[in-house]
Amino acid sequence: MNSAVTSCESPKLLESDDGVLDSHPDGQVRKKNGQPGTSSHLVYGIMDIPPWYLCIFLGIQHFLTALGGLVAVPLILAKNLCLQHDPLSQSYLISTILFVSGICTLLQVFFGVRLPILQGGTMAFIAPSLAMLSLPAWKCPEWMINASLVNTSSPEFTEEWQKRIRELQGAIMVASCVQMLVGFSGLIGFLMRFIGPLTIAPTITLVALPLFDSAGNDAGIHWGIAAMTIFLIVLFSQYLKNVTLPVPVYGGQKKCHTSKFHVFQVFPVLLALCTSWLTCFGLTVTDVLPSAPTAYGHLARTDTKGSVLSQAPWFRIPYPGQWGLPTISLAGVFGIIAGVISSMVESVGDYYACARLVGAPAPPRHAINRGIGIEGLGCLLAGAWGTGNGTTSYSENVGVLGITQVGSRMVIVAAGCMLLLMGVFGKIGAAFATIPTPVIGGMFLVMFGVITAVGISNLQYVDMNSSRNLFVFGFSIYCGLAIPNWVNKNSEKLQTGILQLDQVVQVLLTTSMFVGGFLGFLLDNTIPGSAEERGLLAWNQIQEESQETSKAFEVYGLPCGIGTKFCTSSCVQCLPFWPRLEGGGKDEEIIPSVDAKKEKVLKSQPKPCFLALSCTSEEE
């Protein structure tokens, strides 16, 4: 596959005959012993450091790729936080999540799993958060729903929405401690023995499937604008993904010249969002869209939230406790823990996919433990700052690694710094808070549809001709939709007289992801079935830890000599998350052993995509 990245001067970067930037013309990467490796076409490997200006350019690209998901989280939560009529506060949430994502990205790259993987808000926390905010105690009062009655600058309004996000903060901070415990203690390896495709598929599918109502309502504000947004995303991401456009490039023998770049493949959501946004602006200026607040399509106008740009400060540094002291409830904690489990499984998949794409050894157990532990720390920071969400590894950016063929850590460091910088500029968050509602709805319809399909795609490792597997998946999905729907309508029938217990039961049973995932886990581990039938042979092979050779130690070891020059005592070496070198030489290639039966199964099945990866093959 031709590389789709425009690069500046580099000894590794060459231009193919068709004008598309590429590298390694022989199509092979050499191992240290001189033998040909896999055809990865990497422009920069994980240990390489590109020129600073190239790091900035590629870091901006990663920032823009993650931007859609980062902005989506506060916008989804806004209605249940009673902020649908307060774009200024929405902009503060957007700036906060950008800022915290930058901190967590830098922590993960330097001290976590140490792969070039970006951290950001997670959809796995959305379902339990919405379930918690749907409790009778947290439903928005009528005067906050009616735009004509609400005064967003009043102290009463501020207290009403901030007490809701403080409740989310407390639940996220407590649940993050569970994630840190699971990661730093090494329990994640034990849990993965019992979690297979038939648990993951309904869990991920039900992250997005129940949100159809929210996405449909937003798109229904103006179906014409929403349909245009959907059409553009589909056009750019599917029909034009292989189309290249000329871009200016400096470097190599030609110095200043143009080369081709897969613009539509890299930025389909961003291009569609900006195009629809500008269209709404043009229709607003020409008064094509109705100006009457009660008229259909009024919220598609860009001037309904226009004042937020003038009200937002140029610079605003988010800080811990900015919304007040977090509060804690058992219902919220148990609900968010369900999201934490889903997020951890997703992240483990991203680690293996990322390592394969950047030509690194499969991550050893200590690196996975440390990565999950640092993600827990990131969720703790997100809770303390008040993003209303946690953090996880961003699968979209893992996919970008496969597109650009640039796997350098320093590029993700640049992206983390970019997130920090954008989080400080208040006008940036304010600008994204002005996106018209139907544009957001159109984006949600595509995004949630893809997440649903990715969840179902995990069934590719399972024998779907087996009546056992059909029952487990079908029953889990259907109950994951039916039970929460019934509980929402009949919550009074589950009252026990103990308020805390009632809240815990209601949050868990109204979280589709928890209901479906729990049933899938229970049935898959109790109904008899062979490992091959359940898809565990192919699934577990990807999760085999790599040998502790010098190459793995070089990639996944801690920086600044930690573990080699400092903190080398035998007690520290026994920690589950501490890097250790047990054997192996410099020229050893880390190739996981696999018996003949597993190898036969693996050859007959595609590579795991885990969450939101488009199955980029090693031969691609």
# chains A, B, ... in the order shown; residues from 1 in each chain; ligands from 1
$ residues_around --residues "range 103-108 of chain A" --least-positions-apart "3" --cutoff "7 Å" --atoms "only C-alpha atoms" --output "mmCIF file with all heavy atoms, in the first residue's frame"
data_model
loop_
_atom_site.group_PDB
_atom_site.id
_atom_site.type_symbol
_atom_site.label_atom_id
_atom_site.label_comp_id
_atom_site.auth_asym_id
_atom_site.auth_seq_id
_atom_site.Cartn_x
_atom_site.Cartn_y
_atom_site.Cartn_z
ATOM 1 N N PHE A 99 -7.701 19.204 26.988
ATOM 2 C CA PHE A 99 -6.559 19.415 27.876
ATOM 3 C C PHE A 99 -6.171 18.119 28.586
ATOM 4 O O PHE A 99 -4.996 17.721 28.604
ATOM 5 C CB PHE A 99 -6.897 20.506 28.892
ATOM 6 C CG PHE A 99 -5.751 20.920 29.762
ATOM 7 C CD1 PHE A 99 -4.811 21.820 29.309
ATOM 8 C CD2 PHE A 99 -5.617 20.407 31.046
ATOM 9 C CE1 PHE A 99 -3.745 22.205 30.121
ATOM 10 C CE2 PHE A 99 -4.567 20.785 31.860
ATOM 11 C CZ PHE A 99 -3.620 21.686 31.394
ATOM 12 N N VAL A 100 -7.152 17.437 29.165
ATOM 13 C CA VAL A 100 -6.871 16.200 29.907
ATOM 14 C C VAL A 100 -6.404 15.096 28.964
ATOM 15 O O VAL A 100 -5.521 14.299 29.321
ATOM 16 C CB VAL A 100 -8.117 15.762 30.696
ATOM 17 C CG1 VAL A 100 -7.899 14.408 31.354
ATOM 18 C CG2 VAL A 100 -8.465 16.794 31.753
ATOM 19 N N PHE A 111 5.251 6.653 30.114
ATOM 20 C CA PHE A 111 5.285 5.756 31.272
ATOM 21 C C PHE A 111 4.303 4.592 31.189
ATOM 22 O O PHE A 111 4.347 3.701 32.031
ATOM 23 C CB PHE A 111 4.993 6.555 32.559
ATOM 24 C CG PHE A 111 5.954 7.668 32.796
ATOM 25 C CD1 PHE A 111 5.579 8.984 32.586
ATOM 26 C CD2 PHE A 111 7.254 7.416 33.210
ATOM 27 C CE1 PHE A 111 6.460 10.035 32.794
ATOM 28 C CE2 PHE A 111 8.148 8.453 33.417
ATOM 29 C CZ PHE A 111 7.757 9.761 33.211
ATOM 30 N N GLY A 112 3.411 4.588 30.201
ATOM 31 C CA GLY A 112 2.423 3.527 30.081
ATOM 32 C C GLY A 112 2.916 2.397 29.207
ATOM 33 O O GLY A 112 4.020 1.877 29.385
ATOM 34 N N VAL A 113 2.106 2.015 28.227
ATOM 35 C CA VAL A 113 2.483 0.912 27.350
ATOM 36 C C VAL A 113 3.616 1.311 26.414
ATOM 37 O O VAL A 113 4.273 0.466 25.814
ATOM 38 C CB VAL A 113 1.251 0.433 26.550
ATOM 39 C CG1 VAL A 113 0.856 1.430 25.485
ATOM 40 C CG2 VAL A 113 1.471 -0.951 25.968
ATOM 41 N N ARG A 114 3.844 2.621 26.245
ATOM 42 C CA ARG A 114 4.950 3.189 25.465
ATOM 43 C C ARG A 114 4.809 2.976 23.964
ATOM 44 O O ARG A 114 5.778 3.093 23.214
ATOM 45 C CB ARG A 114 6.301 2.655 25.946
ATOM 46 C CG ARG A 114 6.597 2.877 27.412
ATOM 47 C CD ARG A 114 8.016 3.334 27.641
ATOM 48 N NE ARG A 114 8.246 4.657 27.072
ATOM 49 C CZ ARG A 114 9.452 5.089 26.689
ATOM 50 N NH1 ARG A 114 10.500 4.309 26.811
ATOM 51 N NH2 ARG A 114 9.592 6.286 26.199
ATOM 52 N N LEU A 118 -2.804 7.371 21.065
ATOM 53 C CA LEU A 118 -3.376 8.596 21.620
ATOM 54 C C LEU A 118 -4.521 8.264 22.571
ATOM 55 O O LEU A 118 -5.254 7.309 22.368
ATOM 56 C CB LEU A 118 -3.854 9.491 20.480
ATOM 57 C CG LEU A 118 -4.249 10.920 20.844
ATOM 58 C CD1 LEU A 118 -3.650 11.898 19.833
ATOM 59 C CD2 LEU A 118 -5.770 11.060 20.839
ATOM 60 N N GLN A 119 -4.659 9.069 23.619
ATOM 61 C CA GLN A 119 -5.715 8.881 24.618
ATOM 62 C C GLN A 119 -6.806 9.950 24.443
ATOM 63 O O GLN A 119 -6.511 11.100 24.115
ATOM 64 C CB GLN A 119 -5.135 8.999 26.030
ATOM 65 C CG GLN A 119 -3.992 8.032 26.318
ATOM 66 C CD GLN A 119 -4.437 6.602 26.381
ATOM 67 O OE1 GLN A 119 -5.129 6.183 27.298
ATOM 68 N NE2 GLN A 119 -4.033 5.813 25.387
ATOM 69 N N GLY A 371 0.072 -0.184 30.870
ATOM 70 C CA GLY A 371 -0.803 0.618 30.022
ATOM 71 C C GLY A 371 -2.203 0.744 30.605
ATOM 72 O O GLY A 371 -2.768 1.839 30.645
ATOM 73 N N ILE A 374 -2.047 2.994 33.707
ATOM 74 C CA ILE A 374 -1.939 4.413 33.363
ATOM 75 C C ILE A 374 -3.262 4.935 32.804
ATOM 76 O O ILE A 374 -3.637 6.098 33.046
ATOM 77 C CB ILE A 374 -0.782 4.640 32.360
ATOM 78 C CG1 ILE A 374 0.571 4.405 33.036
ATOM 79 C CG2 ILE A 374 -0.825 6.053 31.796
ATOM 80 C CD1 ILE A 374 0.907 5.380 34.148
ATOM 81 N N GLY A 378 -5.354 8.005 34.077
ATOM 82 C CA GLY A 378 -5.923 9.018 33.191
ATOM 83 C C GLY A 378 -7.394 9.266 33.489
ATOM 84 O O GLY A 378 -7.858 10.410 33.475
ATOM 85 N N VAL A 413 3.686 12.293 20.827
ATOM 86 C CA VAL A 413 4.049 13.307 21.822
ATOM 87 C C VAL A 413 3.649 14.695 21.307
ATOM 88 O O VAL A 413 3.094 15.513 22.051
ATOM 89 C CB VAL A 413 5.563 13.256 22.127
ATOM 90 C CG1 VAL A 413 5.990 14.454 22.972
ATOM 91 C CG2 VAL A 413 5.915 11.962 22.867
ATOM 92 N N GLY A 416 -0.036 15.024 21.638
ATOM 93 C CA GLY A 416 -0.407 15.295 23.018
ATOM 94 C C GLY A 416 -0.202 16.751 23.391
ATOM 95 O O GLY A 416 -1.043 17.366 24.060
ATOM 96 N N LEU A 420 -2.975 19.649 24.528
ATOM 97 C CA LEU A 420 -2.818 20.548 25.676
ATOM 98 C C LEU A 420 -2.998 22.003 25.260
ATOM 99 O O LEU A 420 -3.683 22.781 25.927
ATOM 100 C CB LEU A 420 -1.432 20.356 26.298
ATOM 101 C CG LEU A 420 -1.231 19.174 27.239
ATOM 102 C CD1 LEU A 420 0.249 19.043 27.596
ATOM 103 C CD2 LEU A 420 -2.045 19.357 28.509
#
$ select_by_dssp --residues "range 318-457 of chain A" --states "helix (DSSP H, G or I)" --output "VMD selection string"
chain A and resid 330 to 357 365 to 385 395 to 404 409 to 424 426 to 433 437 to 457
$ closest_residue --among "A:Gly386, A:Gly529, A:Pro290, A:Pro438" --to "Ala215 in chain A" --atoms "only C-alpha atoms"
A:Pro438
$ residues_around --residues "Phe236 in chain A" --least-positions-apart "5" --cutoff "9 Å" --atoms "only C-alpha atoms" --output "compact mmCIF listing (two decimals) with C-alpha atoms, in the first residue's frame"
# COMPACT_ATOMS: atom_id res chain seq x y z
CA PHE A 231 -23.79 11.81 2.32
CA LYS A 241 -10.88 7.17 -0.12
CA VAL A 263 -6.98 13.71 1.87
CA PHE A 264 -10.42 12.08 1.84
CA GLN A 265 -9.15 8.88 3.44
CA PHE A 267 -10.03 13.45 7.09
CA PRO A 268 -13.50 12.27 5.95
CA VAL A 269 -15.41 13.29 9.10
CA LEU A 271 -14.15 17.57 5.84
CA ALA A 272 -17.83 16.61 5.92
$ residues_around --residues "Leu330 in chain A" --least-positions-apart "4" --cutoff "9 Å" --atoms "only C-alpha atoms" --output "list in words"
Ala171, Phe334, Gly335, Gln500, Leu501, Gln503 and Val504 of chain A
$ closest_atom_pairs --of "range 173-192 of chain A" --to "range 564-582 of chain A" --cutoff "9 Å" --atoms "only C-alpha atoms" --output "JSON lines"
{"residue": "A:Gly183", "atom": "CA", "partner": "A:Phe577", "partner_atom": "CA", "distance": 7.9}
{"residue": "A:Phe184", "atom": "CA", "partner": "A:Phe577", "partner_atom": "CA", "distance": 5.7}
{"residue": "A:Ser185", "atom": "CA", "partner": "A:Pro576", "partner_atom": "CA", "distance": 6.0}
{"residue": "A:Gly186", "atom": "CA", "partner": "A:Pro576", "partner_atom": "CA", "distance": 5.5}
$ write_last_selection --atoms "all heavy atoms" --output "PDB file, in the first residue's frame"
ATOM      1  N   GLY A 183      -4.930  -3.048  36.492  1.00  0.00           N
ATOM      2  CA  GLY A 183      -3.741  -2.914  35.654  1.00  0.00           C
ATOM      3  C   GLY A 183      -2.456  -3.155  36.410  1.00  0.00           C
ATOM      4  O   GLY A 183      -1.668  -4.044  36.059  1.00  0.00           O
ATOM      5  N   PHE A 184      -2.220  -2.396  37.462  1.00  0.00           N
ATOM      6  CA  PHE A 184      -0.941  -2.468  38.160  1.00  0.00           C
ATOM      7  C   PHE A 184      -0.757  -3.772  38.931  1.00  0.00           C
ATOM      8  O   PHE A 184       0.369  -4.155  39.247  1.00  0.00           O
ATOM      9  CB  PHE A 184      -0.797  -1.274  39.107  1.00  0.00           C
ATOM     10  CG  PHE A 184      -0.599   0.032  38.392  1.00  0.00           C
ATOM     11  CD1 PHE A 184      -1.336   1.165  38.743  1.00  0.00           C
ATOM     12  CD2 PHE A 184       0.323   0.151  37.363  1.00  0.00           C
ATOM     13  CE1 PHE A 184      -1.160   2.371  38.084  1.00  0.00           C
ATOM     14  CE2 PHE A 184       0.502   1.354  36.692  1.00  0.00           C
ATOM     15  CZ  PHE A 184      -0.238   2.465  37.053  1.00  0.00           C
ATOM     16  N   SER A 185      -1.861  -4.482  39.249  1.00  0.00           N
ATOM     17  CA  SER A 185      -1.740  -5.763  39.954  1.00  0.00           C
ATOM     18  C   SER A 185      -1.579  -6.937  39.000  1.00  0.00           C
ATOM     19  O   SER A 185      -1.275  -8.055  39.434  1.00  0.00           O
ATOM     20  CB  SER A 185      -2.985  -5.991  40.825  1.00  0.00           C
ATOM     21  OG  SER A 185      -4.142  -6.171  40.018  1.00  0.00           O
ATOM     22  N   GLY A 186      -1.789  -6.717  37.699  1.00  0.00           N
ATOM     23  CA  GLY A 186      -1.674  -7.798  36.729  1.00  0.00           C
ATOM     24  C   GLY A 186      -2.940  -8.614  36.561  1.00  0.00           C
ATOM     25  O   GLY A 186      -2.937  -9.638  35.878  1.00  0.00           O
TER      26      GLY A 186
END
$ residues_around --residues "Ser408 in chain A" --least-positions-apart "6" --cutoff "9 Å" --atoms "only C-alpha atoms" --output "PyMOL selection string"
chain A and resi 44-50+55+115-116+358
$ write_last_selection --atoms "N, CA and C atoms" --output "CSV table (one decimal), in the first residue's frame"
chain,number,residue,atom,x,y,z
A,44,TYR,N,8.7,5.8,9.3
A,44,TYR,CA,9.4,6.0,10.6
A,44,TYR,C,8.9,4.9,11.6
A,45,GLY,N,9.8,4.2,12.2
A,45,GLY,CA,9.5,3.2,13.2
A,45,GLY,C,9.3,3.8,14.5
A,46,ILE,N,8.9,2.9,15.5
A,46,ILE,CA,8.6,3.4,16.8
A,46,ILE,C,9.7,4.1,17.5
A,47,MET,N,10.9,3.7,17.3
A,47,MET,CA,12.1,4.3,17.9
A,47,MET,C,12.7,5.5,17.2
A,48,ASP,N,12.2,5.7,15.9
A,48,ASP,CA,12.8,6.8,15.1
A,48,ASP,C,12.2,8.2,15.6
A,49,ILE,N,13.0,9.2,15.3
A,49,ILE,CA,12.6,10.6,15.7
A,49,ILE,C,12.6,11.4,14.4
A,50,PRO,N,11.5,11.7,13.8
A,50,PRO,CA,11.4,12.5,12.6
A,50,PRO,C,11.9,13.9,12.9
A,55,CYS,N,7.2,16.2,12.9
A,55,CYS,CA,6.5,15.8,14.1
A,55,CYS,C,5.3,16.7,14.3
A,115,LEU,N,3.6,2.7,23.5
A,115,LEU,CA,3.3,2.6,22.1
A,115,LEU,C,2.8,4.0,21.6
A,116,PRO,N,2.9,4.3,20.3
A,116,PRO,CA,2.4,5.6,19.8
A,116,PRO,C,0.9,5.6,19.7
A,358,VAL,N,3.1,-0.7,13.8
A,358,VAL,CA,4.4,0.1,13.8
A,358,VAL,C,5.6,-0.8,13.8
$ residues_around --residues "range 458-475 of chain A" --least-positions-apart "3" --cutoff "7 Å" --atoms "only C-alpha atoms" --output "list of chain:residue names"
A:Pro197, A:Leu198, A:Ala201, A:Pro202, A:Val454, A:Gly455, A:Tyr478, A:Cys479, A:Gly520, A:Leu523, A:Asp524, A:Glu533, A:Arg534, A:Gly535, A:Ala538, A:Gln605, A:Phe610
$ residues_around --residues "range 323-329 of chain A" --least-positions-apart "2" --cutoff "12 Å" --atoms "only C-alpha atoms" --output "PyMOL selection string"
chain A and resi 89+92-93+96+132-133+135+137+158-175+318-321+331-336+380+382-388+499-504+507
$ write_last_selection --atoms "C-alpha atoms" --output "CSV table (one decimal), in the first residue's frame"
chain,number,residue,atom,x,y,z
A,89,SER,CA,-20.5,25.7,29.3
A,92,TYR,CA,-15.6,24.7,28.7
A,93,LEU,CA,-16.3,20.9,28.7
A,96,THR,CA,-11.3,20.4,29.4
A,132,MET,CA,-27.2,7.5,35.9
A,133,LEU,CA,-28.3,11.0,34.8
A,135,LEU,CA,-32.5,8.6,37.5
A,137,ALA,CA,-33.1,12.7,41.2
A,158,THR,CA,-25.0,26.9,37.2
A,159,GLU,CA,-25.5,24.9,40.4
A,160,GLU,CA,-28.1,22.6,38.7
A,161,TRP,CA,-25.8,21.5,35.9
A,162,GLN,CA,-22.6,21.5,38.0
A,163,LYS,CA,-24.0,19.2,40.6
A,164,ARG,CA,-24.7,16.6,37.9
A,165,ILE,CA,-21.2,16.7,36.6
A,166,ARG,CA,-19.8,16.5,40.1
A,167,GLU,CA,-21.8,13.3,40.5
A,168,LEU,CA,-20.2,12.0,37.3
A,169,GLN,CA,-16.8,13.1,38.5
A,170,GLY,CA,-17.0,11.1,41.8
A,171,ALA,CA,-18.2,7.9,40.0
A,172,ILE,CA,-15.4,8.1,37.4
A,173,MET,CA,-12.7,8.7,40.0
A,174,VAL,CA,-13.8,5.7,42.2
A,175,ALA,CA,-14.2,3.5,39.1
A,318,PRO,CA,-8.8,24.0,33.1
A,319,TYR,CA,-8.0,22.8,36.6
A,320,PRO,CA,-9.0,20.0,39.0
A,321,GLY,CA,-12.2,20.7,40.9
A,331,ALA,CA,-25.2,3.6,41.5
A,332,GLY,CA,-22.9,5.8,39.5
A,333,VAL,CA,-19.8,3.9,40.6
A,334,PHE,CA,-21.2,0.4,39.6
A,335,GLY,CA,-22.4,1.8,36.3
A,336,ILE,CA,-19.0,3.4,35.4
A,380,LEU,CA,-8.8,9.6,37.7
A,382,ALA,CA,-10.3,13.2,33.9
A,383,GLY,CA,-12.7,12.8,36.9
A,384,ALA,CA,-10.7,15.3,38.9
A,385,TRP,CA,-10.7,17.9,36.1
A,386,GLY,CA,-14.4,17.3,35.4
A,387,THR,CA,-14.6,16.2,31.7
A,388,GLY,CA,-17.7,14.1,32.4
A,499,LEU,CA,-32.6,4.0,48.1
A,500,GLN,CA,-28.9,3.2,47.3
A,501,LEU,CA,-29.7,-0.4,46.2
A,502,ASP,CA,-32.6,0.8,44.0
A,503,GLN,CA,-30.3,3.3,42.3
A,504,VAL,CA,-27.6,0.6,41.7
A,507,VAL,CA,-28.4,2.1,36.6
$ select_by_dssp --residues "range 167-341 of chain A" --states "strand (DSSP E)" --output "NGL selection string"
:A and (245-250 or 256-261)
$ write_last_selection --atoms "C-alpha atoms" --output "compact mmCIF listing (two decimals), in the first residue's frame"
# COMPACT_ATOMS: atom_id res chain seq x y z
CA LEU A 245 -4.91 15.32 -4.34
CA PRO A 246 -1.70 17.24 -5.05
CA VAL A 247 -0.17 18.98 -2.03
CA PRO A 248 3.04 21.04 -1.75
CA VAL A 249 6.06 19.16 -0.42
CA TYR A 250 9.56 20.34 0.42
CA CYS A 256 9.81 22.31 -3.60
CA HIS A 257 7.26 20.27 -5.56
CA THR A 258 3.82 18.74 -5.26
CA SER A 259 2.95 15.20 -4.36
CA LYS A 260 -0.28 13.27 -3.90
CA PHE A 261 -2.03 12.84 -0.56
$ closest_residue --among "A:Arg301, A:Ile372, A:Ser512, A:Leu232" --to "Val288 in chain A" --atoms "only C-alpha atoms"
A:Arg301
